[in-house]
$ cat upload-v6.json   # JSON, C-alpha atoms
[["chain", "number", "residue", "atom", "x", "y", "z"],
["A", 232, "HIS", "CA", 10.48, 24.09, -81.49],
["A", 233, "THR", "CA", 11.31, 22.99, -85.03],
["A", 234, "ALA", "CA", 13.84, 24.92, -87.12],
["A", 235, "TYR", "CA", 13.32, 25.22, -90.86],
["A", 236, "PHE", "CA", 15.83, 25.92, -93.62],
["A", 237, "VAL", "CA", 14.96, 28.63, -96.14],
["A", 238, "HIS", "CA", 16.92, 28.40, -99.39],
["A", 239, "GLY", "CA", 18.18, 31.69, -100.78],
["A", 240, "ALA", "CA", 20.38, 32.55, -103.71],
["A", 241, "ASP", "CA", 23.65, 31.46, -102.06],
["A", 242, "MET", "CA", 23.07, 29.06, -99.21],
["A", 243, "PRO", "CA", 20.30, 27.83, -96.87],
["A", 244, "THR", "CA", 19.46, 30.16, -94.00],
["A", 245, "ARG", "CA", 18.34, 28.73, -90.68],
["A", 246, "PHE", "CA", 15.03, 30.17, -89.50],
["A", 247, "SER", "CA", 13.56, 29.47, -86.08],
["A", 248, "PRO", "CA", 9.93, 30.60, -85.93],
["A", 249, "ALA", "CA", 8.67, 32.43, -82.89],
["A", 250, "ALA", "CA", 6.49, 30.32, -80.61],
["A", 251, "MET", "CA", 2.82, 30.77, -81.43],
["A", 252, "LYS", "CA", -0.32, 28.69, -81.73],
["A", 253, "VAL", "CA", -3.33, 28.22, -83.97],
["A", 254, "VAL", "CA", -6.35, 29.11, -81.83],
["A", 255, "THR", "CA", -9.27, 28.46, -84.22],
["A", 256, "VAL", "CA", -9.98, 26.68, -87.49],
["A", 257, "GLU", "CA", -13.11, 27.66, -89.44],
["A", 258, "SER", "CA", -14.55, 26.40, -92.70],
["A", 259, "THR", "CA", -15.54, 29.00, -95.30],
["A", 260, "PRO", "CA", -18.14, 29.11, -98.07],
["A", 261, "ASN", "CA", -15.33, 27.94, -100.35],
["A", 262, "PRO", "CA", -14.86, 24.17, -99.75],
["A", 263, "SER", "CA", -11.21, 24.48, -100.83],
["A", 264, "ALA", "CA", -10.33, 27.09, -98.19],
["A", 265, "PHE", "CA", -10.15, 27.12, -94.38],
["A", 266, "LEU", "CA", -9.62, 30.13, -92.13],
["A", 267, "LEU", "CA", -7.03, 29.79, -89.35],
["A", 268, "LYS", "CA", -6.57, 32.32, -86.56],
["A", 269, "LEU", "CA", -3.25, 32.59, -84.73],
["A", 270, "ASP", "CA", -2.64, 34.02, -81.29],
["A", 271, "ALA", "CA", -0.36, 36.66, -82.88],
["A", 272, "PRO", "CA", 0.65, 37.74, -86.40],
["A", 273, "LEU", "CA", 3.45, 35.73, -87.99],
["A", 274, "GLU", "CA", 6.86, 37.29, -88.58],
["A", 275, "GLY", "CA", 6.94, 39.02, -91.95],
["A", 276, "ILE", "CA", 3.14, 39.53, -92.00],
["A", 277, "ALA", "CA", 1.71, 43.04, -91.61],
["A", 278, "SER", "CA", 0.15, 43.42, -88.16],
["A", 279, "ASN", "CA", -2.09, 46.39, -88.99],
["A", 280, "GLY", "CA", -4.55, 47.25, -91.72],
["A", 281, "LEU", "CA", -6.84, 44.88, -93.59],
["A", 282, "ARG", "CA", -5.02, 44.61, -96.90],
["A", 283, "GLY", "CA", -3.67, 41.09, -96.89],
["A", 284, "LYS", "CA", -1.46, 39.29, -99.37],
["A", 285, "THR", "CA", -1.51, 35.89, -101.04],
["A", 286, "PHE", "CA", 1.67, 33.80, -100.76],
["A", 287, "ARG", "CA", 2.71, 30.72, -102.73],
["A", 288, "LYS", "CA", 5.60, 28.26, -102.58],
["A", 289, "GLY", "CA", 8.94, 29.95, -103.15],
["A", 290, "ARG", "CA", 7.62, 33.48, -102.71],
["A", 291, "CYS", "CA", 6.77, 33.96, -99.04],
["A", 292, "PRO", "CA", 8.20, 35.13, -95.71],
["A", 293, "PRO", "CA", 10.17, 32.45, -93.82],
["A", 294, "SER", "CA", 7.39, 32.09, -91.28],
["A", 295, "LEU", "CA", 5.13, 30.56, -93.98],
["A", 296, "THR", "CA", 7.73, 28.42, -95.76],
["A", 297, "ALA", "CA", 6.95, 25.17, -93.94],
["A", 298, "ALA", "CA", 3.18, 25.60, -94.18],
["A", 299, "LEU", "CA", 3.36, 26.30, -97.93],
["A", 300, "ALA", "CA", 5.67, 23.33, -98.39],
["A", 301, "THR", "CA", 2.93, 21.03, -97.05],
["A", 302, "GLU", "CA", 1.73, 18.65, -99.74],
["A", 303, "GLY", "CA", -1.67, 19.75, -101.03],
["A", 304, "VAL", "CA", -1.40, 23.44, -100.06],
["A", 305, "ALA", "CA", -1.94, 25.78, -103.03],
["A", 306, "SER", "CA", -1.64, 29.20, -101.37],
["A", 307, "ILE", "CA", -2.03, 31.13, -98.13],
["A", 308, "PHE", "CA", -3.72, 34.53, -97.85],
["A", 309, "ALA", "CA", -2.45, 36.36, -94.75],
["A", 310, "VAL", "CA", -3.76, 39.45, -92.98],
["A", 311, "GLN", "CA", -2.87, 40.25, -89.38],
["A", 312, "GLU", "CA", -3.31, 37.01, -87.38],
["A", 313, "LEU", "CA", -5.72, 35.47, -89.93],
["A", 314, "LEU", "CA", -4.62, 32.95, -92.56],
["A", 315, "THR", "CA", -6.80, 31.55, -95.32],
["A", 316, "ILE", "CA", -5.35, 28.20, -96.40],
["A", 317, "SER", "CA", -6.33, 27.12, -99.92],
["A", 318, "LYS", "CA", -5.78, 23.51, -100.90],
["A", 319, "GLU", "CA", -5.28, 21.82, -104.25],
["A", 320, "ALA", "CA", -8.37, 20.15, -105.71],
["A", 321, "ALA", "CA", -7.09, 16.60, -105.27],
["A", 322, "ALA", "CA", -5.96, 17.09, -101.65],
["A", 323, "SER", "CA", -8.08, 16.24, -98.61],
["A", 324, "TRP", "CA", -8.37, 18.46, -95.56],
["A", 325, "GLU", "CA", -7.69, 15.44, -93.34],
["A", 326, "SER", "CA", -4.18, 15.21, -94.83],
["A", 327, "VAL", "CA", -3.54, 18.96, -95.22],
["A", 328, "LEU", "CA", -4.71, 20.62, -91.99],
["A", 329, "PRO", "CA", -2.71, 18.74, -89.31],
["A", 330, "PRO", "CA", 0.75, 19.34, -90.86],
["A", 331, "VAL", "CA", -0.15, 22.96, -91.67],
["A", 332, "VAL", "CA", -1.17, 23.60, -88.06],
["A", 333, "ASP", "CA", 2.05, 21.94, -86.86],
["A", 334, "ALA", "CA", 4.10, 24.08, -89.25],
["A", 335, "LEU", "CA", 2.49, 27.22, -87.81],
["A", 336, "GLY", "CA", 3.38, 26.35, -84.22],
["A", 337, "GLY", "CA", 0.75, 23.76, -83.33],
["A", 338, "ALA", "CA", -2.76, 23.94, -81.93],
["A", 339, "SER", "CA", -3.63, 25.92, -78.82],
["A", 340, "ASP", "CA", -4.64, 23.93, -75.74],
["A", 341, "ALA", "CA", -8.33, 24.70, -76.35],
["A", 342, "LEU", "CA", -8.17, 23.69, -80.02],
["A", 343, "ALA", "CA", -6.27, 20.50, -79.18],
["A", 344, "ALA", "CA", -8.83, 19.67, -76.50],
["A", 345, "SER", "CA", -11.65, 19.84, -79.06],
["A", 346, "GLY", "CA", -10.35, 16.52, -80.45],
["A", 347, "SER", "CA", -10.36, 17.52, -84.14],
["A", 348, "LEU", "CA", -8.90, 20.24, -86.32],
["A", 349, "LEU", "CA", -11.70, 19.82, -88.84],
["A", 350, "PRO", "CA", -14.69, 22.06, -88.11],
["A", 351, "SER", "CA", -17.13, 19.25, -88.80],
["A", 352, "SER", "CA", -17.50, 19.02, -85.02],
["A", 353, "PRO", "CA", -15.87, 22.17, -83.59],
["A", 354, "VAL", "CA", -16.46, 23.82, -80.26],
["A", 355, "GLY", "CA", -19.49, 26.07, -80.76],
["A", 356, "ALA", "CA", -20.70, 24.41, -83.96],
["A", 357, "ALA", "CA", -24.33, 23.63, -84.55],
["A", 358, "ALA", "CA", -25.28, 20.50, -82.65],
["A", 359, "PRO", "CA", -26.66, 17.66, -84.77],
["A", 360, "ALA", "CA", -30.40, 18.01, -85.15],
["A", 361, "VAL", "CA", -32.93, 15.44, -84.06],
["A", 362, "THR", "CA", -33.64, 12.74, -86.63],
["A", 363, "GLY", "CA", -35.05, 14.27, -89.78],
["A", 364, "GLY", "CA", -34.38, 17.91, -88.82],
["A", 365, "VAL", "CA", -31.64, 20.18, -90.17],
["A", 366, "ALA", "CA", -30.14, 22.70, -87.72],
["A", 367, "VAL", "CA", -29.52, 26.08, -89.34],
["A", 368, "ARG", "CA", -27.27, 28.91, -88.13],
["A", 369, "LEU", "CA", -26.56, 32.38, -89.52],
["A", 370, "GLN", "CA", -23.21, 34.12, -89.07],
["A", 371, "VAL", "CA", -23.49, 37.89, -88.65],
["A", 372, "SER", "CA", -21.36, 40.85, -87.66],
["A", 373, "GLN", "CA", -22.74, 44.29, -86.86],
["A", 374, "LYS", "CA", -26.16, 43.02, -88.03],
["A", 375, "MET", "CA", -24.73, 42.11, -91.44],
["A", 376, "PRO", "CA", -25.42, 38.50, -92.59],
["A", 377, "ILE", "CA", -22.22, 36.75, -93.68],
["A", 378, "GLN", "CA", -22.94, 33.08, -94.33],
["A", 379, "VAL", "CA", -25.38, 30.29, -93.52],
["A", 380, "GLU", "CA", -24.64, 26.85, -92.05],
["A", 381, "ALA", "CA", -26.83, 23.74, -92.16],
["A", 382, "ALA", "CA", -26.10, 20.61, -90.07],
["A", 383, "GLY", "CA", -27.85, 17.27, -90.38],
["A", 384, "TRP", "CA", -29.07, 14.94, -87.68],
["A", 385, "SER", "CA", -26.10, 12.56, -87.68],
["A", 386, "ARG", "CA", -22.32, 12.71, -87.91],
["A", 387, "ASN", "CA", -22.38, 11.16, -91.40],
["A", 388, "TRP", "CA", -22.28, 14.57, -93.12],
["A", 389, "PRO", "CA", -20.30, 17.62, -91.94],
["A", 390, "PRO", "CA", -22.10, 20.97, -91.63],
["A", 391, "VAL", "CA", -22.34, 22.78, -94.96],
["A", 392, "ARG", "CA", -21.82, 26.53, -95.27],
["A", 393, "ALA", "CA", -22.78, 28.89, -98.09],
["A", 394, "LYS", "CA", -22.22, 32.59, -98.68],
["A", 395, "LEU", "CA", -24.92, 35.04, -99.67],
["A", 396, "SER", "CA", -25.25, 36.86, -103.01],
["A", 397, "ALA", "CA", -22.81, 39.40, -104.43],
["A", 398, "ARG", "CA", -24.75, 42.36, -103.04],
["A", 399, "PHE", "CA", -24.05, 41.14, -99.50],
["A", 400, "GLY", "CA", -20.38, 40.76, -100.40],
["A", 401, "SER", "CA", -20.23, 44.37, -101.61],
["A", 402, "ALA", "CA", -21.98, 45.65, -98.50],
["A", 403, "MET", "CA", -19.67, 43.60, -96.29],
["A", 404, "ALA", "CA", -16.56, 45.01, -98.02],
["A", 405, "LEU", "CA", -17.84, 48.55, -97.39],
["A", 406, "LEU", "CA", -18.55, 47.76, -93.74],
["A", 407, "ILE", "CA", -15.04, 46.30, -93.32],
["A", 408, "ASP", "CA", -13.52, 49.48, -94.75],
["A", 409, "GLN", "CA", -15.54, 51.56, -92.29],
["A", 410, "SER", "CA", -15.14, 49.49, -89.13],
["A", 411, "GLY", "CA", -11.74, 47.84, -89.57],
["A", 412, "ASP", "CA", -11.00, 44.68, -87.63],
["A", 413, "ALA", "CA", -14.07, 45.27, -85.43],
["A", 414, "PHE", "CA", -16.02, 43.50, -88.16],
["A", 415, "PHE", "CA", -13.95, 40.32, -87.81],
["A", 416, "ARG", "CA", -13.93, 40.42, -84.03],
["A", 417, "GLY", "CA", -17.70, 40.92, -83.93],
["A", 418, "ARG", "CA", -18.59, 37.78, -85.89],
["A", 419, "ALA", "CA", -21.14, 35.56, -84.15],
["A", 420, "TRP", "CA", -23.29, 32.56, -85.03],
["A", 421, "LEU", "CA", -27.04, 32.88, -84.42],
["A", 422, "PRO", "CA", -29.17, 29.72, -84.22],
["A", 423, "ARG", "CA", -32.08, 29.76, -86.68],
["A", 424, "GLY", "CA", -33.78, 26.61, -85.47],
["A", 425, "LEU", "CA", -34.61, 23.32, -87.18],
["A", 426, "ARG", "CA", -35.78, 22.89, -90.75],
["A", 427, "TYR", "CA", -37.75, 19.90, -92.07],
["A", 428, "PRO", "CA", -37.59, 20.17, -95.86],
["A", 429, "GLU", "CA", -39.82, 17.90, -97.94],
["A", 430, "LEU", "CA", -37.70, 15.94, -100.39],
["A", 431, "ASP", "CA", -40.11, 15.72, -103.29],
["A", 432, "SER", "CA", -39.22, 15.00, -106.90],
["A", 433, "SER", "CA", -38.37, 18.64, -107.57],
["A", 434, "LEU", "CA", -35.43, 18.26, -105.16],
["A", 435, "GLY", "CA", -34.21, 15.14, -106.88],
["A", 436, "ALA", "CA", -35.29, 12.73, -104.14],
["A", 437, "SER", "CA", -35.60, 9.09, -105.03],
["A", 438, "ALA", "CA", -37.36, 6.14, -103.46],
["A", 439, "THR", "CA", -34.06, 4.28, -103.64],
["A", 440, "ASP", "CA", -32.16, 6.88, -101.58],
["A", 441, "GLY", "CA", -30.51, 5.47, -98.47],
["A", 442, "PRO", "CA", -30.70, 7.25, -95.10],
["A", 443, "GLY", "CA", -27.35, 8.99, -95.67],
["A", 444, "GLU", "CA", -28.31, 10.32, -99.08],
["A", 445, "SER", "CA", -31.64, 11.60, -97.80],
["A", 446, "GLU", "CA", -29.81, 13.52, -95.09],
["A", 447, "ARG", "CA", -27.44, 15.07, -97.63],
["A", 448, "ARG", "CA", -30.39, 16.20, -99.74],
["A", 449, "ALA", "CA", -32.17, 17.59, -96.70],
["A", 450, "ILE", "CA", -29.11, 19.65, -95.74],
["A", 451, "GLY", "CA", -28.90, 21.08, -99.25],
["A", 452, "ALA", "CA", -32.62, 21.88, -99.38],
["A", 453, "ALA", "CA", -32.60, 23.57, -95.96],
["A", 454, "LEU", "CA", -29.54, 25.62, -96.90],
["A", 455, "GLU", "CA", -31.14, 26.75, -100.17],
["A", 456, "SER", "CA", -34.37, 27.69, -98.41],
["A", 457, "GLU", "CA", -32.57, 29.68, -95.70],
["A", 458, "LEU", "CA", -30.50, 31.58, -98.26],
["A", 459, "ALA", "CA", -33.65, 32.53, -100.17],
["A", 460, "GLU", "CA", -35.35, 33.63, -96.94],
["A", 461, "ILE", "CA", -32.45, 35.89, -95.95],
["A", 462, "GLU", "CA", -32.16, 37.33, -99.44],
["A", 463, "ALA", "CA", -35.86, 38.25, -99.33],
["A", 464, "ALA", "CA", -35.65, 39.70, -95.81],
["A", 465, "TYR", "CA", -32.79, 42.07, -96.69]]

$ encode --input "upload-v6.json" --output "structure tokens"
Amino acid sequence: HTAYFVHGADMPTRFSPAAMKVVTVESTPNPSAFLLKLDAPLEGIASNGLRGKTFRKGRCPPSLTAALATEGVASIFAVQELLTISKEAAASWESVLPPVVDALGGASDALAASGSLLPSSPVGAAAPAVTGGVAVRLQVSQKMPIQVEAAGWSRNWPPVRAKLSARFGSAMALLIDQSGDAFFRGRAWLPRGLRYPELDSSLGASATDGPGESERRAIGAALESELAEIEAAY
């Protein structure tokens, strides 16, 4: 494996990270952050409890030095074996994710076999809908809604995810405090079927829209409708 040099006050110290792998990569409601799960906690990262810590370049354990040194990475929030990678606004995930995953030990065999680190087409993601339909999924844990995903009918647009309102966030924080890591381990995606939103003038549709733009608008409309439906149901 690769050895990295960590610069201290006097002289560089050689650090050889323990062998480990990135097993999953998930998008989040924040388009500038991805969630990575490792097969074990990194050295220097607390392996119990749910109170994580945000690390930045120059102020991190050696196990995160190489990942934080990746061009485009702004910070890494670490808790147990979960890492939230936040990128700089101008950086693209296509250029950031591969070197970050390599710096953390590489992808697991299953993740590598999926053919892409980007969750635009991950194992278990919503399959593209039939032409004109938007496939919707709801992520839940212990019956608590977490976020909604909408996927179009082609590969031109990646699935879009959105979080629910602040009251769901408060309830989720309370549930995490009560159940510990069982909340994270219990996360599951539930299919909600296809949506066929009408793109009328109130949604900003235009007669000059191309097929790709119409799909983007349909994804946004379906996502907004699903969020409103869940908010009303709970």

$ atom_distance --input "upload-v6.json" --atom1 "atom CA of A:Val371" --atom2 "atom CA of A:Ala264"
19.5 Å

$ atom_distance --input "upload-v6.json" --atom1 "atom CA of A:Lys394" --atom2 "atom CA of A:Asp333"
29.0 Å

$ residues_around --input "upload-v6.json" --residues "A:Ser263" --least-positions-apart "3" --cutoff "8 Å" --atoms "all atoms listed in the file" --output "MDAnalysis selection string"
chainID A and resid 317:320

$ closest_residue --input "upload-v6.json" --among "A:Gln378, A:Ser445, A:Thr301, A:Ser372" --to "A:Ile407" --atoms "all atoms listed in the file"
A:Ser372

$ residues_around --input "upload-v6.json" --residues "A:Leu269" --least-positions-apart "3" --cutoff "7 Å" --atoms "all atoms listed in the file" --output "VMD selection string"
chain A and resid 252 to 254 272 312 to 313

$ write_last_selection --input "upload-v6.json" --atoms "C-alpha atoms" --output "mmCIF file, keeping the file's coordinate frame"
data_model
loop_
_atom_site.group_PDB
_atom_site.id
_atom_site.type_symbol
_atom_site.label_atom_id
_atom_site.label_comp_id
_atom_site.auth_asym_id
_atom_site.auth_seq_id
_atom_site.Cartn_x
_atom_site.Cartn_y
_atom_site.Cartn_z
ATOM 1 C CA LYS A 252 -0.320 28.690 -81.730
ATOM 2 C CA VAL A 253 -3.330 28.220 -83.970
ATOM 3 C CA VAL A 254 -6.350 29.110 -81.830
ATOM 4 C CA PRO A 272 0.650 37.740 -86.400
ATOM 5 C CA GLU A 312 -3.310 37.010 -87.380
ATOM 6 C CA LEU A 313 -5.720 35.470 -89.930
#

$ closest_residue --input "upload-v6.json" --among "A:Glu462, A:Glu457, A:Glu444, A:Glu380" --to "A:Ser258" --atoms "all atoms listed in the file"
A:Glu380

$ closest_residue --input "upload-v6.json" --among "A:Leu425, A:Ile377, A:Cys291, A:Ile307" --to "A:Leu406" --atoms "all atoms listed in the file"
A:Ile377

$ atom_distance --input "upload-v6.json" --atom1 "atom CA of A:Met251" --atom2 "atom CA of A:Gly337"
7.6 Å

$ closest_residue --input "upload-v6.json" --among "A:Val379, A:Leu266, A:Ala271, A:Ala459" --to "A:Ala366" --atoms "all atoms listed in the file"
A:Val379

$ closest_residue --input "upload-v6.json" --among "A:Leu369, A:Ala404, A:Ala382, A:Ala413" --to "A:Glu460" --atoms "all atoms listed in the file"
A:Leu369

$ closest_residue --input "upload-v6.json" --among "A:Ala419, A:Leu454, A:Ala338, A:Ala321" --to "A:Arg392" --atoms "all atoms listed in the file"
A:Leu454

$ axis_aligned_box --input "upload-v6.json" --around "stretch 405-410 of chain A" --padding-each-side "8 Å" --output "AutoDock Vina command-line options"
--center_x -16.0 --center_y 48.9 --center_z -93.3 --size_x 21.0 --size_y 21.3 --size_z 24.3
